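Dumped final35.csv below, it's CSV, C-alpha atoms:
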```csv
chain,number,residue,atom,x,y,z
J,70,MET,CA,2.3,-5.3,34.7
J,71,ASP,CA,3.9,-5.4,31.3
J,72,SER,CA,7.5,-6.5,31.0
J,73,PRO,CA,9.9,-4.1,29.2
J,74,SER,CA,10.1,-6.4,26.2
J,75,ARG,CA,6.3,-6.7,26.0
J,76,ARG,CA,6.0,-2.9,26.1
J,77,GLN,CA,8.6,-2.7,23.3
J,78,LEU,CA,6.5,-5.1,21.1
J,79,LYS,CA,3.4,-3.0,21.7
J,80,ASP,CA,5.4,0.2,20.8
J,81,GLU,CA,6.7,-1.5,17.7
J,82,ILE,CA,3.1,-2.3,16.7
J,83,ASN,CA,2.0,1.3,17.3
J,84,LYS,CA,4.9,2.7,15.3
J,85,ALA,CA,4.3,0.4,12.4
J,86,ASN,CA,0.6,1.4,12.4
J,87,GLU,CA,1.5,5.1,12.4
J,88,GLN,CA,3.9,4.7,9.6
J,89,GLU,CA,1.3,2.8,7.6
J,90,HIS,CA,-1.1,5.7,7.9
J,91,ASP,CA,1.6,8.1,6.8
J,92,LEU,CA,2.2,6.0,3.7
J,93,ALA,CA,-1.5,6.4,2.8
J,94,LYS,CA,-1.1,10.2,2.9
J,95,TRP,CA,2.1,10.0,0.8
J,96,LYS,CA,0.3,7.9,-1.9
J,97,LEU,CA,-2.4,10.5,-2.2
J,98,ALA,CA,0.1,13.4,-2.3
J,99,VAL,CA,2.5,11.8,-4.8
J,100,ALA,CA,-0.3,10.6,-7.1
J,101,ALA,CA,-1.8,14.1,-7.0
J,102,ALA,CA,1.6,15.7,-7.7
J,103,LEU,CA,2.1,13.5,-10.7
J,104,GLY,CA,-1.3,14.6,-12.0
J,105,VAL,CA,-0.6,18.2,-11.5
J,106,ALA,CA,2.8,17.9,-13.2
J,107,ALA,CA,1.2,15.9,-16.1
J,108,PHE,CA,-1.3,18.7,-16.8
J,109,GLY,CA,1.1,21.5,-16.2
J,110,ILE,CA,1.2,23.6,-13.1
J,111,THR,CA,0.5,26.9,-14.9
J,112,LYS,CA,-1.0,27.8,-18.2
J,113,ASP,CA,2.4,28.5,-19.6
J,114,SER,CA,4.0,25.2,-18.6
J,115,GLN,CA,4.3,22.4,-21.0
J,116,PRO,CA,2.0,19.4,-20.0
J,117,SER,CA,3.6,16.0,-19.9
J,118,HIS,CA,0.6,13.7,-19.9
J,119,TRP,CA,2.8,10.6,-20.0
J,120,LEU,CA,3.6,11.2,-16.3
J,121,LEU,CA,0.1,9.8,-15.6
J,122,LEU,CA,1.3,6.4,-16.7
J,123,LEU,CA,3.8,6.4,-13.8
J,124,VAL,CA,1.0,6.5,-11.2
J,125,PRO,CA,0.8,2.7,-10.9
J,126,PHE,CA,4.5,2.5,-10.1
J,127,VAL,CA,4.2,5.1,-7.4
J,128,CYS,CA,1.1,3.3,-5.9
J,129,ALA,CA,2.8,-0.1,-6.1
J,130,TYR,CA,5.9,1.2,-4.4
J,131,ILE,CA,4.0,2.8,-1.5
J,132,ASP,CA,1.7,-0.3,-1.3
J,133,LEU,CA,4.7,-2.5,-0.9
J,134,TYR,CA,5.8,-0.6,2.2
J,135,ALA,CA,2.2,-0.5,3.6
J,136,TYR,CA,2.0,-4.3,3.2
J,137,GLN,CA,5.3,-4.8,4.9
J,138,TYR,CA,4.1,-2.7,7.9
J,139,GLN,CA,0.8,-4.8,8.0
J,140,LEU,CA,2.8,-8.0,7.9
J,141,ARG,CA,5.1,-6.8,10.7
J,142,ILE,CA,2.1,-5.9,12.9
J,143,MET,CA,0.5,-9.3,12.2
J,144,ALA,CA,3.8,-11.1,13.0
J,145,LEU,CA,4.1,-9.2,16.3
J,146,ALA,CA,0.5,-10.0,17.1
J,147,GLN,CA,1.1,-13.6,16.3
J,148,PHE,CA,4.1,-13.7,18.6
J,149,LEU,CA,2.0,-12.1,21.4
J,150,ARG,CA,-0.8,-14.6,20.8
J,151,ARG,CA,1.2,-17.8,20.7
J,152,ASP,CA,4.7,-17.6,22.1
J,153,GLN,CA,4.1,-15.7,25.4
J,154,PRO,CA,0.7,-16.8,26.7
J,155,GLU,CA,1.7,-16.8,30.4
J,156,ASP,CA,3.0,-13.2,30.4
J,157,ASP,CA,-0.3,-11.5,29.8
J,158,PRO,CA,-3.4,-13.6,29.3
J,159,VAL,CA,-5.6,-10.5,28.7
J,160,LEU,CA,-3.4,-9.4,25.8
J,161,ARG,CA,-3.3,-12.9,24.4
J,162,GLN,CA,-7.2,-13.1,24.5
J,163,TYR,CA,-7.3,-9.7,22.8
J,164,GLU,CA,-4.9,-10.8,20.1
J,165,LEU,CA,-7.0,-14.0,19.6
J,166,ALA,CA,-10.1,-12.0,19.2
J,167,CYS,CA,-8.4,-9.7,16.7
J,168,LEU,CA,-7.3,-12.7,14.7
J,169,ASN,CA,-10.9,-13.9,14.6
J,170,TRP,CA,-12.2,-10.5,13.6
J,171,ARG,CA,-9.4,-10.2,10.9
J,172,ASN,CA,-10.4,-13.6,9.5
J,173,ASN,CA,-14.0,-12.4,9.3
J,174,GLY,CA,-13.0,-9.3,7.4
J,175,ALA,CA,-13.5,-6.7,10.2
J,176,PHE,CA,-10.1,-5.1,9.5
J,177,SER,CA,-10.0,-5.4,5.7
J,178,LEU,CA,-11.4,-1.9,5.0
J,179,GLY,CA,-8.0,-0.2,5.1
J,180,THR,CA,-6.3,-2.8,2.9
J,181,GLY,CA,-9.2,-2.7,0.5
J,182,ALA,CA,-9.1,1.1,0.4
J,183,GLY,CA,-5.4,1.0,-0.3
J,184,LEU,CA,-5.8,-1.5,-3.1
J,185,GLY,CA,-8.8,0.3,-4.5
J,186,SER,CA,-7.2,3.7,-4.5
J,187,SER,CA,-4.1,2.3,-6.3
J,188,ILE,CA,-6.3,0.7,-9.0
J,189,LEU,CA,-8.6,3.7,-9.3
J,190,ALA,CA,-5.7,6.2,-9.6
J,191,SER,CA,-3.9,3.8,-12.1
J,192,VAL,CA,-7.0,3.5,-14.3
J,193,ALA,CA,-7.7,7.3,-14.2
J,194,GLY,CA,-4.2,8.0,-15.7
J,195,PRO,CA,-4.8,6.2,-19.0
J,196,ILE,CA,-8.3,7.6,-19.3
J,197,PHE,CA,-6.9,11.1,-19.1
J,198,TYR,CA,-3.8,10.2,-21.2
J,199,PHE,CA,-5.8,8.7,-24.1
J,200,LEU,CA,-9.2,10.3,-24.0
J,201,VAL,CA,-8.8,13.9,-22.8
J,202,PRO,CA,-7.9,16.2,-25.6
J,203,LYS,CA,-4.5,17.7,-25.1
J,204,ARG,CA,-3.9,21.5,-25.4
J,205,GLN,CA,-0.6,20.7,-27.1
J,206,PRO,CA,1.5,17.6,-27.7
J,207,ASP,CA,3.6,16.1,-24.9
J,208,SER,CA,7.2,17.2,-25.0
J,209,LEU,CA,8.4,13.7,-24.1
J,210,LEU,CA,5.5,11.6,-25.5
J,211,VAL,CA,6.1,7.9,-25.2
J,212,PRO,CA,5.0,5.8,-28.3
J,213,THR,CA,1.4,4.6,-27.6
J,214,CYS,CA,2.3,0.9,-27.6
J,215,TRP,CA,5.0,1.4,-25.1
J,216,ALA,CA,2.8,3.6,-23.0
J,217,VAL,CA,0.3,0.8,-22.8
J,218,TYR,CA,2.9,-1.7,-21.8
J,219,ILE,CA,4.4,0.6,-19.2
J,220,TRP,CA,1.0,1.2,-17.7
J,221,LEU,CA,0.0,-2.5,-17.8
J,222,PHE,CA,3.2,-3.5,-16.0
J,223,GLY,CA,2.5,-1.0,-13.3
J,224,LEU,CA,-1.0,-2.3,-12.8
J,225,PHE,CA,0.4,-5.8,-12.8
J,226,LEU,CA,2.8,-4.8,-10.0
J,227,ILE,CA,-0.1,-3.5,-7.9
J,228,ILE,CA,-2.0,-6.8,-8.2
J,229,PHE,CA,1.1,-8.9,-7.8
J,230,LEU,CA,2.1,-7.1,-4.6
J,231,TYR,CA,-1.4,-7.6,-3.1
J,232,VAL,CA,-1.4,-11.3,-3.9
J,233,TYR,CA,2.1,-11.6,-2.4
J,234,PHE,CA,0.9,-9.8,0.7
J,235,ARG,CA,-2.1,-12.2,1.1
J,236,LEU,CA,0.4,-15.1,0.8
J,237,GLY,CA,2.5,-13.5,3.6
J,238,VAL,CA,-0.6,-13.2,5.8
J,239,LYS,CA,-1.3,-16.9,5.3
J,240,LYS,CA,2.2,-17.8,6.3
J,241,ILE,CA,2.1,-15.7,9.4
J,242,GLU,CA,-1.2,-17.0,10.5
J,243,SER,CA,-0.4,-20.6,10.0
```

Show me the file's structure as structure tokens.
Amino acid sequence: MDSPSRRQLKDEINKANEQEHDLAKWKLAVAAALGVAAFGITKDSQPSHWLLLLVPFVCAYIDLYAYQYQLRIMALAQFLRRDQPEDDPVLRQYELACLNWRNNGAFSLGTGAGLGSSILASVAGPIFYFLVPKRQPDSLLVPTCWAVYIWLFGLFLIIFLYVYFRLGVKKIES
């Protein structure tokens, strides 16, 4: 039978997993909302295409929290695997199997989808910003050179956070 503290750790893993799934939904919703606002909600509203350049920042911010949840889950799993082997040998074996599967890429689809959606949404913004003809000029148009810098910095954040996450995974697993 599980001890109360072991049950609490399992509950913490489940909560973090649920919150990570909620973040994925939020990323989709917020990126879509920025797109809708950028092109104008109605035909009478003034489009602000420059809002598309903020998509990388939104994606990076949400990815940051998703990575934190994943690292928390991995840290709890590592604790269950290593520090309490006598409490529940079946759980320990399961966590060891999960570590092996994770190291072989079996659980990488979600992280890859999150990173891929961030990059795809971030690249789509400038394509629409620079290539799609605008009905009328933006009301708060950012100068083109600054728009590119802002976008590149947002894209850099997405990649930097992913690399930082991978370093965190290595620290936890070592």

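Here the question is which of J:Leu168, J:Ile241, J:Met143, J:Ile188 gets nearest to Ile228 of chain J using all atoms listed in the file, and that residue is J:Ile188.
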
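For the set J:Phe229, J:Tyr198, J:Trp220, J:Phe234, the residue with the smallest atom-to-atom gap to Val124 of chain J is J:Trp220, counting all atoms listed in the file.
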
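Taking atom CA of Lys84 of chain J and atom CA of Leu236 of chain J as endpoints, the distance between them is 23.4 Å.
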
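Using only C-alpha atoms, the residues found no farther than 10 Å from segment 85-89 of chain J, other than those of its own chain fewer than 2 positions away, are Lys79, Asp80, Glu81, Ile82, Asn83, Asp91, Leu92, Ala93, Lys94, Trp95, Ile131, Asp132, Tyr134, Ala135, Tyr136, Gln137, Tyr138, Gln139, Leu140, Arg141 and Ile142 of chain J.
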
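The spacing separating atom CA of Val127 of chain J from atom CA of Val99 of chain J amounts to 7.4 Å.
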
Which of J:Val238, J:Cys167, J:Leu230, J:Leu224 sits closest to Leu189 of chain J [using all atoms listed in the file]: J:Leu224

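Take the candidates J:Tyr218, J:Phe148, J:Tyr233, J:Tyr130 and check each one against Pro195 of chain J using only C-alpha atoms; the shortest distance goes to J:Tyr218.
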